[in-house]
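Read the structure below first, then the notes.
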Amino acid sequence: MSRPEVKPEIKPEIKPEIKPEIKIDHIEYLLTVDSDRRVLLDGAIVIGDGTITHVGPSSELAEIDADRVIDATGMLATPGFINGHLHISYAHAVRGIFPDDVEGRLAHVFAMQSAMTADEEYVTTLLGLTEMLMTGTTTLVDPGTTRFPDACMAAYEAAGCRVITGEHVTDTDNDVNLPVYDTGEAIDRMEASVAALHGRCDGRMTAWTMPFSLDVCSPELLKAAKRIADEAGTSMTLHHQGAGDRTGSSPTARLAEISVLGPNVLLSHCPGLSGEEIDLLAATGTSVVLCPSTVIKAGGHIAGTGRLPELLDAGVNVSLGTDSVNSSNFIDLVRVMQLVATLYKDARSDTTLIPPETAIELATRVGAQALHIPEIGAIEVGRRGDVVLFDTMRPQWRGLIDPARNLVHSATGDSVDTVIVEGRVVVEAGRACFVDDLGDLIDRVDTAGRRIRARTGRSFPSAWPATRE
């Protein structure tokens, strides 16, 4: 049984005599993903003080003026997309370094991250955010894997996105080069992280507790993470996998036994969940984020381990993620929507599974519920003004008969024209407004990558090596 949605606080509409900030007018197709799943032809959106104040046909909102009016003729509007699991800070500088069959990838990943400087992490994060916003994602969960939080904070503030982050901690030895703390220190670091980060970036930042996983965190640390999240009125996330073929108490049952499940818990990846584990998640209101692009790139057998249809049937809120660009190698959530709308059809020979409309909901409204942020995820009055405009006057969009089908099955994030976060235009005409010189930023990231590879000695031969001969 599906759980009822948490409704956002509906703010009163701006009175006609008060001039709103932004009006998006003459939208060819407006996918509201609202409670009625309305799709409006020739629609309009008004955003005032960062909040959506009016949504409707352009003709009905014609008398409303604004400081800025965006002509969205030939555009499709969606809510800003939500990436529920994106390691943003370390991978762009060494993107593509790994062959598909590399062994011990995570050990290499975290060894290279540990060699980064603050400036390198800043430019790498900023380039990642640039790619993310330019493809329509306005909110991300970075599961704590930052080495220099202040450097990443500067990138978040510049980009104007909405971010959930914290400090990931472990207190158990591991073979992937994660830093290990004494349990008491790890707990103190989580508490300090939540206190220091929560509410920054003009309120666009939310701080969660982020123990890395059940395998490398003691029960004491996991229970403390849940307690801190509960007391702070926030949430927690951790990497997780189901029982698979293992016998005995399942990993999800072990979390339940120590009371580390609940509506403010987001479990990432979750391959191999059993039916009993899914029932536990549904009963406790625990949410899940899936990263299908990482699964298939790693040969994770989504036909055998993926449980998205069962999770949705059980009423579990599910978000979509991309992981890092050294896991799936891209962060375009439109591509992820296409994957979830096709993978299960093929794996189970059932074309009724995960229609494109459901894929869109997972990237927007349902994803917002999974992250416990009811004020985003839809274009309706009272929600925050996070809007994406796609340029449908591109060959891949036409003919345009059903916008949901074309968005998921035909388009990519490369056709994004404009992105707005809380009424601030951060991408315009396909360009990031917060980056003065994209070429210079790319050069700095490339330089960072060369230095990190030199410091760590990480190198993997290419099947087709490039030469000057």
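Naming works like this for the structure tokens: A, B, ... for the chains as they're shown, residue 1 at the start of each chain, ligands 1 onward in shown order.
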Report as a PDB file with N, CA and C atoms, in the first residue's frame: the residues of region 112-294 of chain A with a DSSP assignment of strand (DSSP E or B), based on the backbone of this structure.
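Written out: selection06.pdb:
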```
ATOM      1  N   THR A 137      19.313  18.771 -13.665  1.00  0.00           N
ATOM      2  CA  THR A 137      19.216  18.378 -12.263  1.00  0.00           C
ATOM      3  C   THR A 137      19.485  19.582 -11.380  1.00  0.00           C
ATOM      4  N   THR A 138      18.567  19.857 -10.468  1.00  0.00           N
ATOM      5  CA  THR A 138      18.674  21.027  -9.595  1.00  0.00           C
ATOM      6  C   THR A 138      18.956  20.670  -8.142  1.00  0.00           C
ATOM      7  N   THR A 139      18.761  19.394  -7.775  1.00  0.00           N
ATOM      8  CA  THR A 139      18.974  18.948  -6.399  1.00  0.00           C
ATOM      9  C   THR A 139      19.795  17.669  -6.414  1.00  0.00           C
ATOM     10  N   LEU A 140      20.771  17.571  -5.513  1.00  0.00           N
ATOM     11  CA  LEU A 140      21.567  16.353  -5.418  1.00  0.00           C
ATOM     12  C   LEU A 140      21.800  15.969  -3.977  1.00  0.00           C
ATOM     13  N   VAL A 141      21.987  14.675  -3.778  1.00  0.00           N
ATOM     14  CA  VAL A 141      22.512  14.149  -2.525  1.00  0.00           C
ATOM     15  C   VAL A 141      23.952  13.733  -2.789  1.00  0.00           C
ATOM     16  N   ARG A 162      20.521  23.065  -5.237  1.00  0.00           N
ATOM     17  CA  ARG A 162      20.048  22.587  -3.937  1.00  0.00           C
ATOM     18  C   ARG A 162      20.822  21.315  -3.617  1.00  0.00           C
ATOM     19  N   VAL A 163      21.379  21.214  -2.410  1.00  0.00           N
ATOM     20  CA  VAL A 163      22.281  20.112  -2.113  1.00  0.00           C
ATOM     21  C   VAL A 163      22.010  19.550  -0.725  1.00  0.00           C
ATOM     22  N   ILE A 164      22.111  18.239  -0.632  1.00  0.00           N
ATOM     23  CA  ILE A 164      22.097  17.523   0.637  1.00  0.00           C
ATOM     24  C   ILE A 164      23.461  16.876   0.790  1.00  0.00           C
ATOM     25  N   THR A 165      24.127  17.150   1.899  1.00  0.00           N
ATOM     26  CA  THR A 165      25.461  16.603   2.084  1.00  0.00           C
ATOM     27  C   THR A 165      25.726  16.394   3.564  1.00  0.00           C
ATOM     28  N   HIS A 168      30.871  11.634   5.420  1.00  0.00           N
ATOM     29  CA  HIS A 168      30.763  10.181   5.546  1.00  0.00           C
ATOM     30  C   HIS A 168      31.827   9.688   6.504  1.00  0.00           C
ATOM     31  N   VAL A 169      31.463   8.723   7.326  1.00  0.00           N
ATOM     32  CA  VAL A 169      32.375   8.223   8.350  1.00  0.00           C
ATOM     33  C   VAL A 169      32.334   6.694   8.387  1.00  0.00           C
ATOM     34  N   MET A 205      20.958  24.252   1.320  1.00  0.00           N
ATOM     35  CA  MET A 205      21.739  23.102   1.768  1.00  0.00           C
ATOM     36  C   MET A 205      21.077  22.457   2.983  1.00  0.00           C
ATOM     37  N   THR A 206      20.961  21.141   2.928  1.00  0.00           N
ATOM     38  CA  THR A 206      20.484  20.344   4.048  1.00  0.00           C
ATOM     39  C   THR A 206      21.595  19.385   4.446  1.00  0.00           C
ATOM     40  N   ALA A 207      21.850  19.256   5.742  1.00  0.00           N
ATOM     41  CA  ALA A 207      22.904  18.366   6.224  1.00  0.00           C
ATOM     42  C   ALA A 207      22.290  17.097   6.795  1.00  0.00           C
ATOM     43  N   THR A 209      23.260  12.920   8.299  1.00  0.00           N
ATOM     44  CA  THR A 209      24.315  12.024   8.762  1.00  0.00           C
ATOM     45  C   THR A 209      24.565  10.988   7.671  1.00  0.00           C
ATOM     46  N   MET A 210      25.853  10.599   7.507  1.00  0.00           N
ATOM     47  CA  MET A 210      26.215   9.781   6.360  1.00  0.00           C
ATOM     48  C   MET A 210      27.247   8.713   6.710  1.00  0.00           C
ATOM     49  N   PRO A 211      26.883   7.757   7.572  1.00  0.00           N
ATOM     50  CA  PRO A 211      27.765   6.598   7.751  1.00  0.00           C
ATOM     51  C   PRO A 211      27.860   5.852   6.426  1.00  0.00           C
ATOM     52  N   SER A 213      28.429   2.579   5.287  1.00  0.00           N
ATOM     53  CA  SER A 213      27.651   1.381   5.023  1.00  0.00           C
ATOM     54  C   SER A 213      27.642   0.489   6.261  1.00  0.00           C
ATOM     55  N   MET A 236      19.304  10.598   7.189  1.00  0.00           N
ATOM     56  CA  MET A 236      20.589   9.933   7.030  1.00  0.00           C
ATOM     57  C   MET A 236      20.562   9.070   5.779  1.00  0.00           C
ATOM     58  N   THR A 237      21.729   8.814   5.229  1.00  0.00           N
ATOM     59  CA  THR A 237      21.845   7.918   4.078  1.00  0.00           C
ATOM     60  C   THR A 237      23.066   7.038   4.260  1.00  0.00           C
ATOM     61  N   LEU A 238      23.018   5.849   3.684  1.00  0.00           N
ATOM     62  CA  LEU A 238      24.161   4.954   3.680  1.00  0.00           C
ATOM     63  C   LEU A 238      24.063   4.020   2.486  1.00  0.00           C
ATOM     64  N   HIS A 239      25.224   3.546   2.048  1.00  0.00           N
ATOM     65  CA  HIS A 239      25.271   2.547   0.984  1.00  0.00           C
ATOM     66  C   HIS A 239      24.744   1.228   1.548  1.00  0.00           C
ATOM     67  N   HIS A 240      24.000   0.490   0.721  1.00  0.00           N
ATOM     68  CA  HIS A 240      23.337  -0.699   1.253  1.00  0.00           C
ATOM     69  C   HIS A 240      23.137  -1.725   0.149  1.00  0.00           C
ATOM     70  N   VAL A 265      15.361   7.796   6.555  1.00  0.00           N
ATOM     71  CA  VAL A 265      16.520   6.999   6.128  1.00  0.00           C
ATOM     72  C   VAL A 265      16.414   6.720   4.635  1.00  0.00           C
ATOM     73  N   LEU A 266      17.512   6.991   3.915  1.00  0.00           N
ATOM     74  CA  LEU A 266      17.602   6.726   2.477  1.00  0.00           C
ATOM     75  C   LEU A 266      18.723   5.727   2.251  1.00  0.00           C
ATOM     76  N   LEU A 267      18.373   4.549   1.755  1.00  0.00           N
ATOM     77  CA  LEU A 267      19.351   3.509   1.472  1.00  0.00           C
ATOM     78  C   LEU A 267      19.747   3.558   0.000  1.00  0.00           C
ATOM     79  N   SER A 268      21.046   3.583  -0.262  1.00  0.00           N
ATOM     80  CA  SER A 268      21.547   3.757  -1.625  1.00  0.00           C
ATOM     81  C   SER A 268      21.941   2.436  -2.264  1.00  0.00           C
ATOM     82  N   HIS A 269      21.604   2.296  -3.535  1.00  0.00           N
ATOM     83  CA  HIS A 269      21.938   1.156  -4.401  1.00  0.00           C
ATOM     84  C   HIS A 269      20.993  -0.028  -4.179  1.00  0.00           C
ATOM     85  N   SER A 287      13.190   4.891   2.588  1.00  0.00           N
ATOM     86  CA  SER A 287      13.272   5.170   1.159  1.00  0.00           C
ATOM     87  C   SER A 287      14.539   4.562   0.553  1.00  0.00           C
ATOM     88  N   VAL A 288      14.558   4.505  -0.772  1.00  0.00           N
ATOM     89  CA  VAL A 288      15.657   3.881  -1.511  1.00  0.00           C
ATOM     90  C   VAL A 288      16.047   4.780  -2.674  1.00  0.00           C
ATOM     91  N   VAL A 289      17.334   4.824  -3.000  1.00  0.00           N
ATOM     92  CA  VAL A 289      17.787   5.464  -4.230  1.00  0.00           C
ATOM     93  C   VAL A 289      18.533   4.421  -5.050  1.00  0.00           C
ATOM     94  N   LEU A 290      18.156   4.313  -6.320  1.00  0.00           N
ATOM     95  CA  LEU A 290      18.755   3.344  -7.227  1.00  0.00           C
ATOM     96  C   LEU A 290      19.625   4.042  -8.263  1.00  0.00           C
TER      97      LEU A 290
END
```
Need to verify the contact set: region 397-414 of chain A, 12 Å, only C-alpha atoms, exclusion of same-chain residues closer than 4 positions in sequence. Can you return it as a ChimeraX atom specification? /A:28-33,37-41,74-78,80-81,131-137,330-342,354-363,388-393,418-419,429-431
May I have the residues from that selection written out with C-alpha atoms, as a PDB file, in the first residue's frame?
```pdb
ATOM      1  CA  GLU A  28       4.412  24.598 -25.370  1.00  0.00           C
ATOM      2  CA  TYR A  29       4.092  21.636 -22.969  1.00  0.00           C
ATOM      3  CA  LEU A  30       4.087  22.092 -19.196  1.00  0.00           C
ATOM      4  CA  LEU A  31       4.602  18.781 -17.335  1.00  0.00           C
ATOM      5  CA  THR A  32       3.515  19.826 -13.864  1.00  0.00           C
ATOM      6  CA  VAL A  33       3.848  16.397 -12.182  1.00  0.00           C
ATOM      7  CA  ARG A  37      -0.377  14.997 -13.226  1.00  0.00           C
ATOM      8  CA  ARG A  38      -1.610  17.819 -15.472  1.00  0.00           C
ATOM      9  CA  VAL A  39       0.082  18.518 -18.792  1.00  0.00           C
ATOM     10  CA  LEU A  40      -0.781  22.038 -19.950  1.00  0.00           C
ATOM     11  CA  LEU A  41      -0.603  23.319 -23.508  1.00  0.00           C
ATOM     12  CA  GLY A  74       8.758  25.738 -28.379  1.00  0.00           C
ATOM     13  CA  MET A  75       9.815  24.660 -24.896  1.00  0.00           C
ATOM     14  CA  LEU A  76       8.820  21.815 -22.585  1.00  0.00           C
ATOM     15  CA  ALA A  77       8.860  22.587 -18.844  1.00  0.00           C
ATOM     16  CA  THR A  78       9.460  20.046 -16.085  1.00  0.00           C
ATOM     17  CA  GLY A  80      13.937  20.349 -11.596  1.00  0.00           C
ATOM     18  CA  PHE A  81      15.308  16.816 -11.474  1.00  0.00           C
ATOM     19  CA  GLU A 131      27.340  19.380 -16.027  1.00  0.00           C
ATOM     20  CA  MET A 132      24.579  18.469 -13.588  1.00  0.00           C
ATOM     21  CA  LEU A 133      22.676  21.751 -13.878  1.00  0.00           C
ATOM     22  CA  MET A 134      23.134  22.000 -17.641  1.00  0.00           C
ATOM     23  CA  THR A 135      21.327  18.650 -17.962  1.00  0.00           C
ATOM     24  CA  GLY A 136      18.407  19.662 -15.746  1.00  0.00           C
ATOM     25  CA  THR A 137      19.216  18.378 -12.263  1.00  0.00           C
ATOM     26  CA  PHE A 330      27.610  10.359 -16.648  1.00  0.00           C
ATOM     27  CA  ILE A 331      25.234  12.411 -14.517  1.00  0.00           C
ATOM     28  CA  ASP A 332      22.479  13.102 -17.042  1.00  0.00           C
ATOM     29  CA  LEU A 333      19.306  12.054 -15.231  1.00  0.00           C
ATOM     30  CA  VAL A 334      17.331  11.972 -18.494  1.00  0.00           C
ATOM     31  CA  ARG A 335      19.516   9.067 -19.562  1.00  0.00           C
ATOM     32  CA  VAL A 336      18.831   7.357 -16.237  1.00  0.00           C
ATOM     33  CA  MET A 337      15.088   7.781 -16.745  1.00  0.00           C
ATOM     34  CA  GLN A 338      15.425   6.044 -20.107  1.00  0.00           C
ATOM     35  CA  LEU A 339      17.309   3.195 -18.471  1.00  0.00           C
ATOM     36  CA  VAL A 340      14.707   2.530 -15.785  1.00  0.00           C
ATOM     37  CA  ALA A 341      11.945   2.757 -18.386  1.00  0.00           C
ATOM     38  CA  THR A 342      13.573   0.047 -20.528  1.00  0.00           C
ATOM     39  CA  ILE A 354       8.039   1.304 -15.512  1.00  0.00           C
ATOM     40  CA  PRO A 355       6.325   3.437 -18.147  1.00  0.00           C
ATOM     41  CA  PRO A 356       7.958   6.773 -19.023  1.00  0.00           C
ATOM     42  CA  GLU A 357       5.541   8.667 -16.777  1.00  0.00           C
ATOM     43  CA  THR A 358       6.725   6.635 -13.777  1.00  0.00           C
ATOM     44  CA  ALA A 359      10.361   7.277 -14.693  1.00  0.00           C
ATOM     45  CA  ILE A 360       9.684  11.029 -14.695  1.00  0.00           C
ATOM     46  CA  GLU A 361       7.958  10.790 -11.314  1.00  0.00           C
ATOM     47  CA  LEU A 362      10.983   8.999  -9.836  1.00  0.00           C
ATOM     48  CA  ALA A 363      13.216  11.862 -10.984  1.00  0.00           C
ATOM     49  CA  VAL A 388      13.744  23.130 -16.348  1.00  0.00           C
ATOM     50  CA  LEU A 389      12.991  24.211 -19.924  1.00  0.00           C
ATOM     51  CA  PHE A 390      13.866  21.854 -22.784  1.00  0.00           C
ATOM     52  CA  ASP A 391      14.281  23.174 -26.307  1.00  0.00           C
ATOM     53  CA  THR A 392      11.976  20.902 -28.280  1.00  0.00           C
ATOM     54  CA  MET A 393      12.918  22.490 -31.588  1.00  0.00           C
ATOM     55  CA  THR A 418      17.075  27.033 -19.212  1.00  0.00           C
ATOM     56  CA  VAL A 419      17.314  25.967 -15.573  1.00  0.00           C
ATOM     57  CA  ALA A 429      20.460  29.286 -23.609  1.00  0.00           C
ATOM     58  CA  GLY A 430      22.270  26.080 -22.642  1.00  0.00           C
ATOM     59  CA  ARG A 431      25.089  27.898 -20.840  1.00  0.00           C
TER      60      ARG A 431
END
```
Write out as a list in words each polymer residue whose atoms come within 8 Å of Thr124 (chain A), counting only C-alpha atoms; drop sequence neighbours fewer than 6 positions from it.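 Listing them by chain and then by number gives Ile88, Ser89, Tyr90, Ala91, His92, Ala93 and Val445 of chain A.
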Under the rule that only C-alpha atoms are counted, which of A:Thr146, A:Ala72, A:Ser249, A:Glu157 is the nearest residue to Glu428 (chain A)?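 Closest to Glu428 (chain A), using only C-alpha atoms: A:Ala72.
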DSSP-assigned alpha helix (DSSP H) members of region 265-445 of chain A, reported as a short mmCIF file (atom, residue, chain, number, x, y, z; two decimals) with C-alpha atoms, in the first residue's frame:
```
data_model
loop_
_atom_site.label_atom_id
_atom_site.label_comp_id
_atom_site.auth_asym_id
_atom_site.auth_seq_id
_atom_site.Cartn_x
_atom_site.Cartn_y
_atom_site.Cartn_z
CA GLY A 275 10.79 -9.81 -0.56
CA GLU A 276 11.06 -9.75 3.22
CA GLU A 277 13.50 -6.86 3.06
CA ILE A 278 11.19 -4.88 0.79
CA ASP A 279 8.35 -5.49 3.24
CA LEU A 280 10.56 -4.14 6.04
CA LEU A 281 11.33 -1.00 4.06
CA ALA A 282 7.66 -0.43 3.29
CA ALA A 283 6.58 -1.04 6.89
CA THR A 284 9.13 1.40 8.29
CA PRO A 292 20.91 1.70 -12.59
CA SER A 293 23.67 3.10 -14.78
CA THR A 294 26.29 1.98 -12.25
CA VAL A 295 24.72 -1.47 -11.97
CA ILE A 296 24.76 -2.23 -15.66
CA LYS A 297 28.24 -0.79 -16.26
CA ILE A 302 19.87 -5.96 -12.95
CA ALA A 303 17.53 -8.71 -14.13
CA GLY A 304 18.48 -10.73 -11.08
CA THR A 305 19.27 -8.08 -8.47
CA LEU A 308 12.38 -1.49 -8.68
CA PRO A 309 8.95 -2.85 -9.70
CA GLU A 310 8.57 -4.65 -6.37
CA LEU A 311 9.66 -1.58 -4.40
CA LEU A 312 7.08 0.57 -6.15
CA ASP A 313 4.35 -2.04 -5.75
CA LEU A 333 19.31 12.05 -15.23
CA VAL A 334 17.33 11.97 -18.49
CA ARG A 335 19.52 9.07 -19.56
CA VAL A 336 18.83 7.36 -16.24
CA MET A 337 15.09 7.78 -16.75
CA GLN A 338 15.43 6.04 -20.11
CA LEU A 339 17.31 3.20 -18.47
CA VAL A 340 14.71 2.53 -15.78
CA LEU A 343 15.81 -2.22 -18.43
CA TYR A 344 13.04 -3.98 -16.55
CA LYS A 345 10.94 -4.39 -19.68
CA ASP A 346 13.82 -6.26 -21.27
CA ALA A 347 14.94 -8.16 -18.17
CA ARG A 348 11.47 -9.52 -17.49
CA PRO A 356 7.96 6.77 -19.02
CA GLU A 357 5.54 8.67 -16.78
CA THR A 358 6.73 6.63 -13.78
CA ALA A 359 10.36 7.28 -14.69
CA ILE A 360 9.68 11.03 -14.70
CA GLU A 361 7.96 10.79 -11.31
CA LEU A 362 10.98 9.00 -9.84
CA ALA A 363 13.22 11.86 -10.98
CA ARG A 365 7.85 14.12 -7.30
CA VAL A 366 8.50 10.64 -5.91
CA GLY A 367 12.21 11.37 -5.64
CA ALA A 368 11.36 14.43 -3.52
CA GLN A 369 9.28 12.23 -1.24
CA ALA A 370 12.18 9.77 -0.94
CA PRO A 403 5.97 14.90 -24.40
CA ALA A 404 6.53 12.31 -21.63
CA ARG A 405 7.44 9.62 -24.14
CA ASN A 406 9.74 11.92 -26.07
CA LEU A 407 11.47 13.19 -22.93
CA VAL A 408 12.29 9.70 -21.67
CA HIS A 409 12.80 7.74 -24.88
CA LEU A 438 34.09 27.22 -19.06
CA GLY A 439 37.21 26.51 -21.10
CA ASP A 440 39.43 27.78 -18.29
CA LEU A 441 37.52 25.66 -15.74
CA ILE A 442 37.97 22.57 -17.91
CA ASP A 443 41.70 23.31 -18.24
CA ARG A 444 42.04 23.55 -14.45
CA VAL A 445 40.24 20.24 -13.98
#
```
Spatial neighbours of Thr117 (chain A), max dist 9 Å, only C-alpha atoms, sep filter under 4 positions, as a list in words: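 With the cut-off at 9 Å, the set is Gln113, Glu121, Tyr122, Arg147, Phe148 and Ala448 of chain A.
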